[in-house]
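One structure is given below, encoded as C-alpha cells.
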Amino acid sequence: MKINGKPNNQNKYIGSKGSSSKLKALIKKNLLVLKRNKGTTLCEIFFPIGLMLILLILRKAFKIEKYDFDVEEQNTENFIRRRSVANADLDNPNITSLDNRTFLWNDLSILPALNICSEYNKQRTPRPMIASIGIPNEIKQKIINDAIIYETLFNIKVTNDNFMDFSSVDEMEDYVKDSQYGTEGNPLICFGMRLEEKDNSYNYSLHYFDSIFDEGVQDLSDIMEGPFDLFQSGPDMDSYEKYQYSGYTYIMKCINEYILKKETQNMNATLDFGMVPMKYINYKEDKFGGFVGFIIPFFLVIAYMCPLCLYIYRMVEEKESRAKEGMKIMGLSECTYFMSYFLQYLVISIFVSLVNAIIIKLIFTKIPFYFLYIMLFLWAMDVFALAFCFQSFIESTKYALILSLLIYFIMYFLSMACIKETAAKSIKIGLSFFPPVALEVGIVMLGKFECHFRKYYPKYFTKIYTNYSLFLMFLMLFVDFFIYLFIGYYLQNVLPHDYGIRKPFYFLFTSEYWCGKSGNNNYHLNKREAIKNGKNIQNKNDIDDTTANQLDHKSSNSMLQGPYKGDPNFEGEDLYKDKNKNDDALRIVNIVKTFDDGKIAVNHVNLNFYKDEIFALLGHNGAGKTTLISMLTGLYEATDGHAYYDGIF
C-alpha cells in the first residue's frame, strides 16, 4: 500500500486498529440494545437463575428421611422371620387360587420359570421347549408334577414332550444359532439344563437364551449388569427379587434335591432355603435425590432456552433487515461481528454461571463447587455455539425460534437413548456430540453420588461410573463448543442467502483462504485475455510488464469498442494512461446479474473507476444502478464477470 507515492510501513497495524474500533462500536451498539430492551435483558440474566431457585425450593420441600428398624426387628431372628423369602410347600392343600398372594408372588416357586416358557413372557412369544443335557427322568418328573398346580390357574402345562434332549452343550448352541431356529419344526427353547455325574461328583449348569439386546425385553436378571448397585450405601431390600422372580432358583432346588436324595438314599429328603436382605440398624433415604440427576438437566435446558432464543433472534433479525450486510459493506468482518456478541454473552454467562453454581451447590451437596461452576460455564458456552450455528441457516425471524427450539429439544430427548446406566460407553460418547446429551448423562452420573450420600472427590474425575465420567462430560462440552462454532461458520459461508456472496463448499481447502491473495497480480485477468489473443500462458512469469500493460489497456478499453468507437461524445481511455495501473483503478469487466425469475438487471457492464476522479452513475429507474453497486459492495453475488482492484478479484 502507498500513501503519497511512499510505501506505508505501518499498514499491518491499520487492519487491527480498524477491527478494534469496529468491535468497540458493535459492543456499544449491543449495549444500547440491551438498555432499550430492559425486559428481555432482565429475562436473559435472571430467567436461568429463577429456574434454579425453583429447583432449590423443590429440594427443600423433600426432606431426607431417616429410617430405624422397629424394636422387634432389631432382634436378628425376628428380622429374618419378617424379611425373608422362603420356598413354599407345593403340596399345601390350602393353595387353590390367586387370592393367596404370599405363595404366588413371594416364594421361590416354579412360576417364573414357566412364565418365560409360555406366551405370558414379556416378548409374548411362547418358548415351549426345555433343553436337557444328561438330565435324569426324576428331575423332569419333579418339574412336571410341580407344574400341575398352575395348569388350571395359568393355563400352563408341562409334559415330557416339552423336554428336548441334546448330547452336549455345543449341540444345543448350534441348534439355537441355526438360521431355522424358531421356525415351524424348530421350536424355541425356554432354558437349558445340563447335569454331569462322574465318580460321585456332580457338575451342572443352567443356560438361558435371552439377549441383553432384545428390544429392551429381559425376562431374567441381567447378569452382565450385576445384582448390586455400584453406589449402594444403604440397605438393599430389593436385589434378592432378581433371584426370586427369575425361576432359576427353583431349577437349582430341583437339581440339588436330586443330588441330595441320591447321596443320602433318602427319597424324602428336601431342601428348604430362603433369602433375606442384609440387616441394618438404620438408614437414610433421599426421595428427591433419586430423580435429581434427571430433573436438573431438564431445568438447565429450559433455563438457557431464553438466551438461546434471544441471540438467535437478534442475529437473524440483523440479517433479515440487511443491517449485517450493510455493516459488512462498510468493512465489518465476520470475526468482528461474532466477537461483539460473544464478548457480551461471555460477561453475562460468567455472572449467571457463578450464581447458578452457588444455588446448585445447595442441591448437589456432595459435589465440589468448582466442578459445578465449570460444568455450568461450559454448558452456557455451548448454548451460544448452538445459537451461532442455528442462525447460520435460518433467514427469517418468523421461523427462527420455531426451528431452533425444535432442534434444541430433539437434541435433549436423544439422551433418552443412552440414559440407562448400562448403555454402552461408545453410545454415550457418540451422542454427547449433542451438548444436551452430554449434560444429561453427566449430571445423572453425579446424581448417583448425591442420592447415595457419597462425596465426589477430585480423584474420581476420570474414573468411569455408569460408563461415563465427569472428565468425559467436560471434554465433550468443550469440544462441542468448537464443533458448533465451526459448523455455524461453514454454513454461514456456503449456504445461499438473500444477501451476500457465498463461497464454494470447498473454500476451506483453497490456498486463497489460508494464504490470502497476492496484491499486485495481473495474472488471472491477463491469462484470460491472453488466451483470447491466442497466447499460451502457463504461469504469471510468462507475462512481461509490457504485455501486462497492453492486456490491461485492452480489457479496460473494451467498453469503447463497437458502436462507440470514434464517437466524439465518448472520451477514450488514452486520457488516463498515467492512471491506468492496477492500484489506481477499480475495474469492472463484463459483469452480469440475472435474477432467479430470469430478469437481466445488469448486462455485461465494463467500467473503470480511477483514482482522484468523481464518477456518477446515471440511468432511469430499473436500469440496474443499485444492482451494480450492490454487486460491487458484496450485497449481491454476480452471475458472471468480475471486478478487481490491485490485482485482487
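Letters for chains follow the order of the C-alpha cells (A, B, ...), residue numbers begin at 1 for each chain, and ligand numbers begin at 1 in the order shown.
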Counting only C-alpha atoms, what is within 12 Å of segment 160-172 of chain A, bar same-chain residues fewer than 3 positions away, as a compact mmCIF listing (two decimals) with C-alpha atoms, in the first residue's frame?
# COMPACT_ATOMS: atom_id res chain seq x y z
CA LEU A 114 -42.93 -71.35 33.41
CA CYS A 117 -41.67 -70.60 28.62
CA SER A 118 -45.26 -69.65 27.85
CA PRO A 126 -44.07 -69.00 23.54
CA ARG A 127 -40.77 -70.80 24.04
CA PRO A 128 -42.18 -74.21 24.99
CA MET A 129 -39.04 -76.38 24.98
CA ILE A 130 -36.67 -77.09 27.88
CA ALA A 131 -33.25 -78.24 26.71
CA SER A 132 -31.94 -81.29 28.55
CA ILE A 133 -28.34 -82.48 28.60
CA GLY A 134 -27.91 -85.53 30.83
CA ILE A 135 -30.92 -84.60 32.99
CA PRO A 136 -32.42 -87.75 34.62
CA ASN A 137 -36.13 -88.52 34.43
CA GLU A 138 -36.52 -87.90 38.19
CA ILE A 139 -35.79 -84.19 37.75
CA LYS A 140 -38.02 -83.93 34.70
CA GLN A 141 -40.88 -85.60 36.55
CA LYS A 142 -40.39 -83.28 39.54
CA ILE A 143 -40.86 -80.25 37.26
CA ILE A 144 -43.89 -81.84 35.57
CA ASN A 145 -45.53 -82.62 38.92
CA ILE A 156 -49.65 -73.69 31.68
CA LYS A 157 -48.85 -77.36 31.19
CA TYR A 175 -29.49 -75.59 17.41
CA VAL A 176 -30.11 -72.12 18.84
CA LYS A 177 -27.73 -70.44 16.35
CA ASP A 178 -29.23 -72.19 13.33
CA TYR A 181 -34.36 -71.64 14.82
CA ASN A 186 -37.71 -75.93 15.19
CA PRO A 187 -39.43 -74.58 18.34
CA LEU A 188 -37.86 -72.00 20.64
CA ILE A 189 -36.07 -73.12 23.80
CA CYS A 190 -37.08 -71.60 27.11
CA PHE A 191 -33.95 -72.58 29.05
CA GLY A 192 -31.49 -75.45 29.23
CA MET A 193 -30.18 -77.74 31.97
CA ARG A 194 -27.01 -79.82 31.99
CA LEU A 195 -26.02 -82.39 34.63
CA GLU A 196 -22.86 -84.48 34.54
CA TYR A 204 -24.39 -78.94 36.42
CA SER A 205 -25.15 -75.67 34.66
CA LEU A 206 -28.20 -73.70 33.62
CA HIS A 207 -28.48 -71.96 30.24
CA TYR A 208 -30.74 -69.06 29.30
CA PHE A 209 -31.01 -67.61 25.81
Q.
Taking the DSSP secondary structure from the backbone, can you list the residues of segment 218-437 of chain A that are helix (DSSP H, G or I), as a PyMOL selection string?
A. chain A and resi 241-244+248-264+289-303+305-320+323-329+334-361+369-391+397-417+425-431+435-437
Q) Residues at most 8 Å from Val352 of chain A, counting only C-alpha atoms, excluding those fewer than 2 positions away in the same chain, as a ChimeraX atom specification? A) /A:45-46,48-49,348-350,354-356
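Taking atom CA of Phe371 of chain A and atom CA of Phe351 of chain A as the two end points, the separation is 16.0 Å.
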For Arg454 of chain A, find every residue with an atom within 10 Å (counting only C-alpha atoms), except residues of its own chain fewer than 2 positions away, and show them as a CSV table (one decimal) with N, CA and C atoms, in the first residue's frame.
chain,number,residue,atom,x,y,z
A,231,PHE,N,-23.4,-47.7,43.6
A,231,PHE,CA,-23.4,-46.6,44.5
A,231,PHE,C,-24.2,-46.9,45.8
A,232,GLN,N,-24.6,-48.2,46.0
A,232,GLN,CA,-25.4,-48.5,47.2
A,232,GLN,C,-24.7,-48.2,48.5
A,233,SER,N,-25.4,-47.4,49.3
A,233,SER,CA,-24.9,-47.0,50.6
A,233,SER,C,-25.8,-47.4,51.8
A,365,THR,N,-24.9,-31.3,47.3
A,365,THR,CA,-24.1,-31.0,48.4
A,365,THR,C,-22.8,-31.9,48.4
A,366,LYS,N,-22.8,-33.0,47.7
A,366,LYS,CA,-21.7,-33.9,47.7
A,366,LYS,C,-20.7,-33.6,46.5
A,367,ILE,N,-21.0,-32.7,45.7
A,367,ILE,CA,-20.1,-32.4,44.5
A,367,ILE,C,-19.4,-31.1,44.8
A,446,LEU,N,-23.6,-37.8,38.3
A,446,LEU,CA,-23.3,-37.0,39.6
A,446,LEU,C,-24.5,-37.2,40.6
A,447,GLY,N,-25.7,-37.3,40.0
A,447,GLY,CA,-26.9,-37.5,40.9
A,447,GLY,C,-26.8,-38.8,41.7
A,448,LYS,N,-26.1,-39.8,41.1
A,448,LYS,CA,-25.9,-41.1,41.8
A,448,LYS,C,-25.2,-40.9,43.2
A,449,PHE,N,-24.2,-40.0,43.1
A,449,PHE,CA,-23.4,-39.7,44.3
A,449,PHE,C,-24.3,-39.0,45.3
A,450,GLU,N,-25.1,-38.1,44.9
A,450,GLU,CA,-25.9,-37.3,45.8
A,450,GLU,C,-27.0,-38.1,46.5
A,451,CYS,N,-27.7,-38.9,45.7
A,451,CYS,CA,-28.8,-39.7,46.3
A,451,CYS,C,-28.3,-40.8,47.2
A,452,HIS,N,-27.0,-41.2,47.1
A,452,HIS,CA,-26.5,-42.3,47.9
A,452,HIS,C,-25.5,-41.7,49.0
A,456,TYR,N,-18.2,-36.7,46.2
A,456,TYR,CA,-17.4,-36.8,45.0
A,456,TYR,C,-16.0,-36.1,45.2
A,457,TYR,N,-15.0,-36.9,45.1
A,457,TYR,CA,-13.6,-36.4,45.3
A,457,TYR,C,-13.0,-36.2,43.9
